[in-house]
$ cat query.txt   # compact mmCIF, C-alpha atoms
# COMPACT_ATOMS: atom_id res chain seq x y z
CA MET F 124 -4.83 3.55 13.64
CA VAL F 125 -5.88 3.26 10.00
CA ALA F 126 -6.33 -0.49 9.46
CA ALA F 127 -6.73 -3.75 11.36
CA ALA F 128 -7.08 -7.39 10.33
CA CYS F 129 -7.20 -10.85 11.89
CA ASP F 130 -7.34 -14.53 10.96
CA GLY F 131 -7.26 -17.98 12.50
CA ALA F 132 -6.02 -21.39 11.37
CA CYS F 133 -6.16 -24.95 12.62
CA SER F 134 -4.43 -28.16 11.55
CA GLY F 135 -7.08 -30.87 11.90
CA ASN F 136 -10.01 -28.83 13.26
CA PRO F 137 -9.90 -29.78 16.07
CA GLY F 138 -6.16 -29.89 16.38
CA PRO F 139 -3.19 -27.55 16.80
CA GLY F 140 -4.24 -24.01 15.98
CA GLY F 141 -2.89 -20.51 15.57
CA TRP F 142 -4.12 -16.97 15.18
CA GLY F 143 -2.69 -13.80 13.69
CA ALA F 144 -3.62 -10.13 13.78
CA LEU F 145 -2.15 -6.80 12.80
CA LEU F 146 -2.64 -3.08 13.37
CA ARG F 147 -1.49 -0.41 10.91
CA PHE F 148 -0.80 3.20 11.81
CA SER F 149 -0.89 6.35 9.69
CA ASP F 150 2.90 6.77 9.93
CA GLY F 151 3.40 3.44 8.15
CA SER F 152 4.33 1.44 11.24
CA VAL F 153 2.83 -1.98 11.95
CA ARG F 154 2.13 -4.01 15.07
CA GLU F 155 1.56 -7.74 14.59
CA MET F 156 0.30 -10.28 17.11
CA GLY F 157 -0.14 -14.02 17.17
CA GLY F 158 -0.38 -17.09 19.33
CA ALA F 159 -1.08 -20.80 19.39
CA ASP F 160 -3.17 -23.47 21.10
CA ARG F 161 -2.26 -27.13 20.82
CA ALA F 162 -5.88 -28.36 20.94
CA THR F 163 -8.50 -26.05 19.46
CA THR F 164 -10.69 -25.33 16.42
CA ASN F 165 -10.51 -22.91 13.53
CA ASN F 166 -13.50 -20.96 14.86
CA ARG F 167 -11.91 -20.51 18.28
CA MET F 168 -8.78 -19.15 16.63
CA GLU F 169 -10.84 -16.69 14.55
CA LEU F 170 -12.56 -15.41 17.70
CA THR F 171 -9.30 -15.25 19.64
CA ALA F 172 -7.67 -13.11 16.94
CA ALA F 173 -10.57 -10.64 16.93
CA LEU F 174 -10.53 -10.45 20.73
CA ALA F 175 -6.81 -9.62 20.69
CA LEU F 176 -7.43 -6.75 18.27
CA LEU F 177 -10.32 -5.30 20.26
CA GLU F 178 -8.28 -5.39 23.46
CA ALA F 179 -5.38 -3.65 21.71
CA LEU F 180 -7.64 -1.04 20.09
CA ALA F 181 -9.17 -0.14 23.45
CA ASP F 182 -5.94 1.65 24.39
CA LEU F 183 -5.17 3.21 20.99
CA PRO F 184 -6.52 6.23 19.11
CA HIS F 185 -8.11 5.05 15.90
CA GLN F 186 -9.68 6.42 12.75
CA GLU F 187 -13.41 7.12 12.85
CA GLY F 188 -15.32 4.22 11.28
CA MET F 189 -12.46 1.82 11.99
CA ALA F 190 -13.08 -1.67 10.57
CA ILE F 191 -11.49 -4.98 11.52
CA ARG F 192 -11.04 -6.99 8.32
CA THR F 193 -11.75 -10.72 8.64
CA ASP F 194 -12.64 -13.60 6.34
CA SER F 195 -14.74 -15.27 9.08
CA ARG F 196 -18.49 -15.07 8.49
CA TYR F 197 -18.88 -17.00 11.75
CA LEU F 198 -17.27 -14.13 13.67
CA ILE F 199 -19.23 -11.40 11.87
CA ASP F 200 -22.63 -13.12 12.02
CA GLY F 201 -22.11 -14.17 15.63
CA LEU F 202 -21.48 -10.63 16.85
CA ASP F 203 -23.82 -8.76 14.50
CA LYS F 204 -26.75 -11.17 14.04
CA TRP F 205 -26.87 -14.11 16.44
CA MET F 206 -25.67 -12.86 19.82
CA ALA F 207 -28.81 -10.98 20.81
CA GLY F 208 -30.88 -14.14 20.28
CA TRP F 209 -28.37 -16.30 22.14
CA LYS F 210 -28.64 -14.02 25.16
CA ARG F 211 -32.44 -14.05 25.13
CA LYS F 212 -32.40 -17.84 25.06
CA GLY F 213 -29.87 -18.17 27.89
CA TRP F 214 -26.94 -18.80 25.53
CA ARG F 215 -28.70 -21.45 23.53
CA THR F 216 -29.16 -21.68 19.78
CA ALA F 217 -32.49 -21.68 17.95
CA ALA F 218 -32.36 -25.48 18.15
CA GLY F 219 -31.96 -25.35 21.92
CA ASN F 220 -28.31 -26.44 21.97
CA PRO F 221 -25.64 -24.69 24.06
CA VAL F 222 -23.76 -22.04 22.11
CA LEU F 223 -20.27 -23.25 21.22
CA ASN F 224 -17.32 -21.09 22.29
CA ARG F 225 -19.49 -19.18 24.73
CA ASP F 226 -16.45 -18.05 26.77
CA LEU F 227 -14.97 -16.26 23.77
CA TRP F 228 -18.30 -14.82 22.62
CA GLU F 229 -18.89 -13.32 26.06
CA ALA F 230 -15.37 -11.88 26.11
CA LEU F 231 -15.88 -10.39 22.63
CA ASP F 232 -19.20 -8.87 23.70
CA ARG F 233 -17.49 -7.17 26.66
CA ALA F 234 -14.64 -5.96 24.45
CA ARG F 235 -16.85 -4.28 21.81
CA LEU F 236 -15.83 -0.71 20.98
CA PRO F 237 -18.20 2.02 19.76
CA GLY F 238 -17.55 2.88 16.13
CA VAL F 239 -15.40 -0.20 15.45
CA ARG F 240 -17.05 -2.66 13.07
CA LEU F 241 -16.24 -5.93 11.38
CA ALA F 242 -15.74 -5.98 7.60
CA HIS F 243 -15.70 -9.18 5.55
CA VAL F 244 -12.90 -9.86 3.09
CA ARG F 245 -12.71 -12.98 0.96
CA GLY F 246 -9.87 -15.21 2.13
CA HIS F 247 -6.88 -15.86 -0.13
CA SER F 248 -8.07 -13.20 -2.57
CA GLY F 249 -4.96 -11.03 -2.62
CA ASP F 250 -5.88 -8.79 0.32
CA PRO F 251 -2.41 -8.05 1.77
CA ASP F 252 -3.39 -7.84 5.44
CA ASN F 253 -5.60 -10.93 5.30
CA ASP F 254 -2.80 -12.87 3.62
CA ARG F 255 -0.31 -11.72 6.25
CA CYS F 256 -2.59 -12.64 9.16
CA ASP F 257 -3.22 -16.04 7.55
CA ALA F 258 0.54 -16.62 7.25
CA ILE F 259 1.04 -15.77 10.94
CA ALA F 260 -1.85 -18.02 12.02
CA VAL F 261 -0.71 -20.95 9.88
CA ALA F 262 2.86 -20.67 11.16
CA PHE F 263 1.71 -20.81 14.78
CA SER F 264 -0.64 -23.73 14.04
CA LYS F 265 2.31 -25.69 12.65
CA GLY F 266 4.45 -25.10 15.74
CA ARG F 267 6.55 -22.26 14.36
CA THR F 268 6.96 -18.78 15.81
CA PRO F 269 7.08 -16.29 12.92
CA PRO F 270 8.88 -12.95 13.20
CA LEU F 271 6.35 -10.24 14.02
CA ALA F 272 6.45 -6.48 13.59
CA GLU F 273 6.07 -4.79 16.96
CA GLY F 274 5.00 -1.19 16.47
CA GLU F 275 7.87 -0.43 14.07
CA GLN F 276 8.43 -0.04 10.37
CA VAL F 277 8.18 -3.50 8.85
CA GLN F 278 11.93 -3.99 8.41
CA ASN F 279 12.52 -3.65 12.19
CA LEU F 280 11.02 -6.95 13.31
CA THR F 281 10.95 -8.69 16.68
CA ILE F 282 9.51 -11.96 17.94
CA SER F 283 6.19 -11.49 19.75
CA ALA F 284 3.58 -14.08 20.66
CA THR F 285 0.58 -13.03 22.70
CA VAL F 286 -2.69 -14.37 24.04
CA PRO F 287 -5.65 -11.99 24.53
CA ALA F 288 -5.98 -10.91 28.15
CA ALA F 289 -9.56 -12.16 28.47
CA GLN F 290 -8.64 -15.56 27.09
CA ALA F 291 -5.56 -15.77 29.30
CA LYS F 292 -7.71 -15.20 32.39
CA ALA F 293 -10.20 -17.87 31.31
CA GLN F 294 -7.40 -20.34 30.63
CA ALA F 295 -5.22 -19.59 33.65
CA GLY F 296 -4.13 -22.87 35.16
CA ALA F 297 -5.86 -24.91 32.47
CA GLY F 298 -2.63 -25.72 30.65
CA ASP F 299 -4.27 -25.54 27.24
CA VAL F 300 -2.22 -22.73 25.67
CA ALA F 301 1.05 -23.69 24.05
CA VAL F 302 3.25 -21.07 22.42
CA PRO F 303 6.02 -22.89 20.55
CA ASP F 304 9.69 -22.06 20.98
CA PRO F 305 11.14 -19.66 18.37
CA LEU F 306 12.85 -21.35 15.44
CA VAL F 307 15.98 -20.04 13.83
CA ASP F 308 15.14 -19.07 10.26
CA PRO F 309 17.88 -19.10 7.61
CA ALA F 310 16.75 -15.78 6.10
CA PRO F 311 16.68 -12.45 7.97
CA PRO F 312 13.12 -11.55 9.03
CA GLY F 313 13.15 -8.31 7.04
CA LEU F 314 13.92 -10.16 3.82
CA GLN F 315 11.18 -12.71 4.48
CA GLN F 316 8.64 -9.92 4.90
CA LEU F 317 9.94 -8.09 1.84
CA LEU F 318 9.68 -11.24 -0.31
CA SER F 319 6.04 -11.69 0.74
CA ARG F 320 5.24 -8.12 -0.25
CA LEU F 321 7.00 -8.41 -3.62
CA GLU F 322 5.23 -11.69 -4.42
CA LEU F 323 1.92 -10.07 -3.50
CA ALA F 324 2.70 -7.06 -5.68
CA ASP F 325 3.24 -9.37 -8.65
CA ARG F 326 -0.10 -11.11 -8.01
CA LEU F 327 -1.89 -7.77 -7.81
CA ALA F 328 -0.24 -6.56 -11.02
CA VAL F 329 -1.04 -9.73 -12.96
CA GLY F 330 -4.66 -9.66 -11.79
CA GLY F 331 -5.06 -5.97 -12.64
CA TYR F 332 -6.55 -5.25 -9.21
CA GLY F 333 -7.35 -1.69 -8.14
CA LEU F 334 -6.14 -0.70 -4.67
CA SER F 335 -7.59 1.92 -2.37
CA LEU F 336 -5.18 4.46 -0.88
CA VAL F 337 -5.17 2.62 2.46
CA GLU F 338 -4.48 -0.72 0.75
CA LEU F 339 -1.69 0.80 -1.31
CA ALA F 340 -0.13 2.28 1.83
CA GLN F 341 -0.21 -1.16 3.42
CA LEU F 342 1.59 -2.70 0.44
CA VAL F 343 4.33 -0.13 -0.13
CA GLU F 344 4.71 0.73 3.59
CA MET F 345 4.41 4.47 3.10
CA PRO F 346 2.44 6.90 5.29
CA LEU F 347 -0.99 7.84 3.97
CA SER F 348 0.01 11.50 4.12
CA THR F 349 2.76 10.81 1.57
CA LEU F 350 0.50 8.97 -0.84
CA GLN F 351 -2.31 11.50 -0.58
CA ARG F 352 -0.04 14.06 -2.26
CA ARG F 353 0.47 11.86 -5.34
CA GLN F 354 -1.70 12.28 -8.41
CA GLN F 355 0.48 11.03 -11.27
CA ALA F 356 2.00 7.63 -12.03
CA TRP F 357 5.12 6.83 -10.03
CA GLN F 358 7.65 4.00 -9.61
CA TRP F 359 7.79 1.63 -6.64
CA ARG F 360 10.61 -0.89 -6.92
CA ASP F 361 9.90 -2.84 -10.14
CA TRP F 362 6.31 -1.66 -10.56
CA GLN F 363 4.64 1.39 -12.04
CA VAL F 364 1.87 2.65 -9.73
CA LEU F 365 -0.87 4.04 -11.97
CA PRO F 366 -3.84 6.21 -10.91
CA LEU F 367 -7.34 5.03 -11.85
CA ALA F 368 -10.34 7.23 -12.57
CA ASP F 369 -12.19 6.14 -9.40
CA GLY F 370 -9.39 7.23 -7.06
CA ARG F 371 -7.82 3.80 -6.75
CA TRP F 372 -4.36 2.71 -7.92
CA ARG F 373 -3.11 -0.20 -10.06
CA LEU F 374 0.31 -1.86 -10.26
CA GLU F 375 1.95 -2.58 -13.60
CA ARG F 376 5.08 -4.72 -13.73
CA GLY F 377 8.12 -3.01 -15.22
CA ALA F 378 11.50 -4.42 -16.14
CA ALA F 379 13.17 -6.31 -13.32
CA GLY F 380 16.16 -4.53 -11.87
CA SER F 381 14.96 -1.10 -12.97
CA GLN F 382 17.15 1.69 -11.67
CA GLN F 383 14.15 3.96 -11.15
CA ARG F 384 13.13 4.17 -7.53
CA ASP F 385 10.68 6.21 -5.54
CA VAL F 386 11.36 4.61 -2.17
CA THR F 387 13.02 6.58 0.58
CA VAL F 388 14.78 5.22 3.65
CA GLY F 389 12.27 3.63 6.01
CA GLU F 390 9.62 3.13 3.27
CA SER F 391 10.99 0.02 1.52
$ encode --input "query.txt" --output "structure tokens"
Amino acid sequence: MVAAACDGACSGNPGPGGWGALLRFSDGSVREMGGADRATTNNRMELTAALALLEALADLPHQEGMAIRTDSRYLIDGLDKWMAGWKRKGWRTAAGNPVLNRDLWEALDRARLPGVRLAHVRGHSGDPDNDRCDAIAVAFSKGRTPPLAEGEQVQNLTISATVPAAQAKAQAGAGDVAVPDPLVDPAPPGLQQLLSRLELADRLAVGGYGLSLVELAQLVEMPLSTLQRRQQAWQWRDWQVLPLADGRWRLERGAAGSQQRDVTVGES
């Protein structure tokens, strides 16, 4: 494991909600997860997504200092700042009110993993994994089942909708989890995912953003070991990938339809 991210969404708040999460591996493969609830809140979906990741990470080898990227300050502050006080006060806030979403907070507390932390990323800021998790969550919240990568290279996609084990136990028999039926999409899943990546690449190039090696690997779907050997500028599809002085990389848009390619089979 080299990267993880999660996000939640809700139409109405409260209303129909969805959550999305993903795990990235050093060989370039991706595992995506998501689910829906027909009556929930945005905060519950944020917590549910993080819980799903922690439960998945418990059974996987992961990089030292692993961080789960999230745009939810509520999630980060709840686990890192507020929970100890809630416990001392019998799961009540400083104002004496019952803590909302206590069932999920308790499940998250039990699912904590040593050495795995939460890292804040600003939502809708061009972070590729945050944008992807948001797209999964929004799709589920609107009653659609998006195609999800299931432990394979991104072009080999399958449908997968999951609910965290702890949440499933708490909700067993309650009838409050609704995973919508899959919808037939007119475009092949691999092309949908590719279009999202190419659109993101254009946004990153126009903004002049610098990407870390891990972030670049996420975008171009190449193993870290491959990128670590690169030191000079190289071509990825219609973009020049240029090294920066601080060890990061920047995309520069080239001519559309360029015949230069540096993408091998399985890395598109």
$ residues_around --input "query.txt" --residues "stretch 142-144 of chain F" --least-positions-apart "4" --cutoff "6 Å" --atoms "only C-alpha atoms" --output "MDAnalysis selection string"
chainID F and resid 128:131 155:158 168 172 256 259:260
$ write_last_selection --input "query.txt" --atoms "C-alpha atoms" --output "short mmCIF file (atom, residue, chain, number, x, y, z; two decimals), in the coordinates of the input"
data_model
loop_
_atom_site.label_atom_id
_atom_site.label_comp_id
_atom_site.auth_asym_id
_atom_site.auth_seq_id
_atom_site.Cartn_x
_atom_site.Cartn_y
_atom_site.Cartn_z
CA ALA F 128 -7.08 -7.39 10.33
CA CYS F 129 -7.20 -10.85 11.89
CA ASP F 130 -7.34 -14.53 10.96
CA GLY F 131 -7.26 -17.98 12.50
CA GLU F 155 1.56 -7.74 14.59
CA MET F 156 0.30 -10.28 17.11
CA GLY F 157 -0.14 -14.02 17.17
CA GLY F 158 -0.38 -17.09 19.33
CA MET F 168 -8.78 -19.15 16.63
CA ALA F 172 -7.67 -13.11 16.94
CA CYS F 256 -2.59 -12.64 9.16
CA ILE F 259 1.04 -15.77 10.94
CA ALA F 260 -1.85 -18.02 12.02
#
$ atom_distance --input "query.txt" --atom1 "atom CA of F:Leu241" --atom2 "atom CA of F:Leu336"
19.5 Å
$ closest_residue --input "query.txt" --among "F:Glu344, F:Glu187, F:Asp194, F:Asp150" --to "F:Asp254" --atoms "all atoms listed in the file"
F:Asp194
$ residues_around --input "query.txt" --residues "F:Val222" --least-positions-apart "2" --cutoff "12 Å" --atoms "only C-alpha atoms" --output "list in words"
Gly201, Trp205, Met206, Gly208, Trp209, Lys210, Lys212, Gly213, Trp214, Arg215, Thr216, Ala217, Ala218, Gly219, Asn220, Asn224, Arg225, Asp226, Leu227, Trp228 and Glu229 of chain F
$ closest_residue --input "query.txt" --among "F:Gln351, F:Thr163, F:Ser195, F:Ser335" --to "F:Ala368" --atoms "all atoms listed in the file"
F:Ser335
$ atom_distance --input "query.txt" --atom1 "atom CA of F:His185" --atom2 "atom CA of F:Val125"
6.6 Å
$ atom_distance --input "query.txt" --atom1 "atom CA of F:Thr349" --atom2 "atom CA of F:Ser149"
10.0 Å
$ closest_residue --input "query.txt" --among "F:Val153, F:Ala132, F:Val244, F:Leu327" --to "F:Pro346" --atoms "all atoms listed in the file"
F:Val153
$ closest_residue --input "query.txt" --among "F:Leu170, F:Leu334, F:Leu236, F:Leu198" --to "F:Asp182" --atoms "all atoms listed in the file"
F:Leu236
$ residues_around --input "query.txt" --residues "F:Gly138" --least-positions-apart "4" --cutoff "12 Å" --atoms "only C-alpha atoms" --output "number ranges by chain"
F: 132-134, 159-168, 264-266, 299
$ write_last_selection --input "query.txt" --atoms "C-alpha atoms" --output "CSV table (one decimal), in the frame of the given file"
chain,number,residue,atom,x,y,z
F,132,ALA,CA,-6.0,-21.4,11.4
F,133,CYS,CA,-6.2,-25.0,12.6
F,134,SER,CA,-4.4,-28.2,11.6
F,159,ALA,CA,-1.1,-20.8,19.4
F,160,ASP,CA,-3.2,-23.5,21.1
F,161,ARG,CA,-2.3,-27.1,20.8
F,162,ALA,CA,-5.9,-28.4,20.9
F,163,THR,CA,-8.5,-26.0,19.5
F,164,THR,CA,-10.7,-25.3,16.4
F,165,ASN,CA,-10.5,-22.9,13.5
F,166,ASN,CA,-13.5,-21.0,14.9
F,167,ARG,CA,-11.9,-20.5,18.3
F,168,MET,CA,-8.8,-19.2,16.6
F,264,SER,CA,-0.6,-23.7,14.0
F,265,LYS,CA,2.3,-25.7,12.6
F,266,GLY,CA,4.4,-25.1,15.7
F,299,ASP,CA,-4.3,-25.5,27.2
$ build_atoms --input "query.txt" --residues "stretch 145-168 of chain F" --atoms "N, CA and C atoms" --output "mmCIF file, in the coordinates of the input"
data_model
loop_
_atom_site.group_PDB
_atom_site.id
_atom_site.type_symbol
_atom_site.label_atom_id
_atom_site.label_comp_id
_atom_site.auth_asym_id
_atom_site.auth_seq_id
_atom_site.Cartn_x
_atom_site.Cartn_y
_atom_site.Cartn_z
ATOM 1 N N LEU F 145 -3.055 -7.930 12.992
ATOM 2 C CA LEU F 145 -2.150 -6.800 12.800
ATOM 3 C C LEU F 145 -2.903 -5.475 12.900
ATOM 4 N N LEU F 146 -2.159 -4.448 13.277
ATOM 5 C CA LEU F 146 -2.640 -3.080 13.370
ATOM 6 C C LEU F 146 -1.718 -2.209 12.532
ATOM 7 N N ARG F 147 -2.291 -1.321 11.723
ATOM 8 C CA ARG F 147 -1.490 -0.410 10.910
ATOM 9 C C ARG F 147 -1.779 1.031 11.335
ATOM 10 N N PHE F 148 -0.703 1.815 11.369
ATOM 11 C CA PHE F 148 -0.800 3.200 11.810
ATOM 12 C C PHE F 148 -0.536 4.151 10.650
ATOM 13 N N SER F 149 -0.978 5.383 10.788
ATOM 14 C CA SER F 149 -0.890 6.350 9.690
ATOM 15 C C SER F 149 0.545 6.712 9.342
ATOM 16 N N ASP F 150 1.503 6.471 10.239
ATOM 17 C CA ASP F 150 2.900 6.770 9.930
ATOM 18 C C ASP F 150 3.590 5.621 9.202
ATOM 19 N N GLY F 151 2.826 4.572 8.861
ATOM 20 C CA GLY F 151 3.400 3.440 8.150
ATOM 21 C C GLY F 151 3.894 2.322 9.029
ATOM 22 N N SER F 152 3.864 2.497 10.342
ATOM 23 C CA SER F 152 4.330 1.440 11.240
ATOM 24 C C SER F 152 3.260 0.368 11.409
ATOM 25 N N VAL F 153 3.695 -0.805 11.841
ATOM 26 C CA VAL F 153 2.830 -1.980 11.950
ATOM 27 C C VAL F 153 3.072 -2.661 13.286
ATOM 28 N N ARG F 154 2.015 -3.156 13.884
ATOM 29 C CA ARG F 154 2.130 -4.010 15.070
ATOM 30 C C ARG F 154 1.424 -5.322 14.745
ATOM 31 N N GLU F 155 2.129 -6.425 14.874
ATOM 32 C CA GLU F 155 1.560 -7.740 14.590
ATOM 33 C C GLU F 155 1.499 -8.568 15.867
ATOM 34 N N MET F 156 0.504 -9.430 15.948
ATOM 35 C CA MET F 156 0.300 -10.280 17.110
ATOM 36 C C MET F 156 -0.028 -11.690 16.651
ATOM 37 N N GLY F 157 0.217 -12.647 17.502
ATOM 38 C CA GLY F 157 -0.140 -14.020 17.170
ATOM 39 C C GLY F 157 0.057 -14.935 18.353
ATOM 40 N N GLY F 158 -0.514 -16.110 18.265
ATOM 41 C CA GLY F 158 -0.380 -17.090 19.330
ATOM 42 C C GLY F 158 -0.846 -18.446 18.872
ATOM 43 N N ALA F 159 -0.772 -19.425 19.757
ATOM 44 C CA ALA F 159 -1.080 -20.800 19.390
ATOM 45 C C ALA F 159 -1.802 -21.519 20.521
ATOM 46 N N ASP F 160 -2.501 -22.570 20.161
ATOM 47 C CA ASP F 160 -3.170 -23.470 21.100
ATOM 48 C C ASP F 160 -3.020 -24.872 20.543
ATOM 49 N N ARG F 161 -2.552 -25.801 21.355
ATOM 50 C CA ARG F 161 -2.260 -27.130 20.820
ATOM 51 C C ARG F 161 -3.500 -27.986 20.599
ATOM 52 N N ALA F 162 -4.648 -27.583 21.140
ATOM 53 C CA ALA F 162 -5.880 -28.360 20.940
ATOM 54 C C ALA F 162 -7.049 -27.383 20.856
ATOM 55 N N THR F 163 -7.479 -27.076 19.639
ATOM 56 C CA THR F 163 -8.500 -26.050 19.460
ATOM 57 C C THR F 163 -9.229 -26.272 18.144
ATOM 58 N N THR F 164 -9.982 -25.265 17.698
ATOM 59 C CA THR F 164 -10.690 -25.330 16.420
ATOM 60 C C THR F 164 -10.408 -24.051 15.637
ATOM 61 N N ASN F 165 -10.704 -24.083 14.364
ATOM 62 C CA ASN F 165 -10.510 -22.910 13.530
ATOM 63 C C ASN F 165 -11.373 -21.738 14.020
ATOM 64 N N ASN F 166 -12.620 -22.039 14.398
ATOM 65 C CA ASN F 166 -13.500 -20.960 14.860
ATOM 66 C C ASN F 166 -12.982 -20.305 16.127
ATOM 67 N N ARG F 167 -12.463 -21.093 17.051
ATOM 68 C CA ARG F 167 -11.910 -20.510 18.280
ATOM 69 C C ARG F 167 -10.730 -19.601 17.964
ATOM 70 N N MET F 168 -9.922 -19.979 17.000
ATOM 71 C CA MET F 168 -8.780 -19.150 16.630
ATOM 72 C C MET F 168 -9.235 -17.852 15.965
#
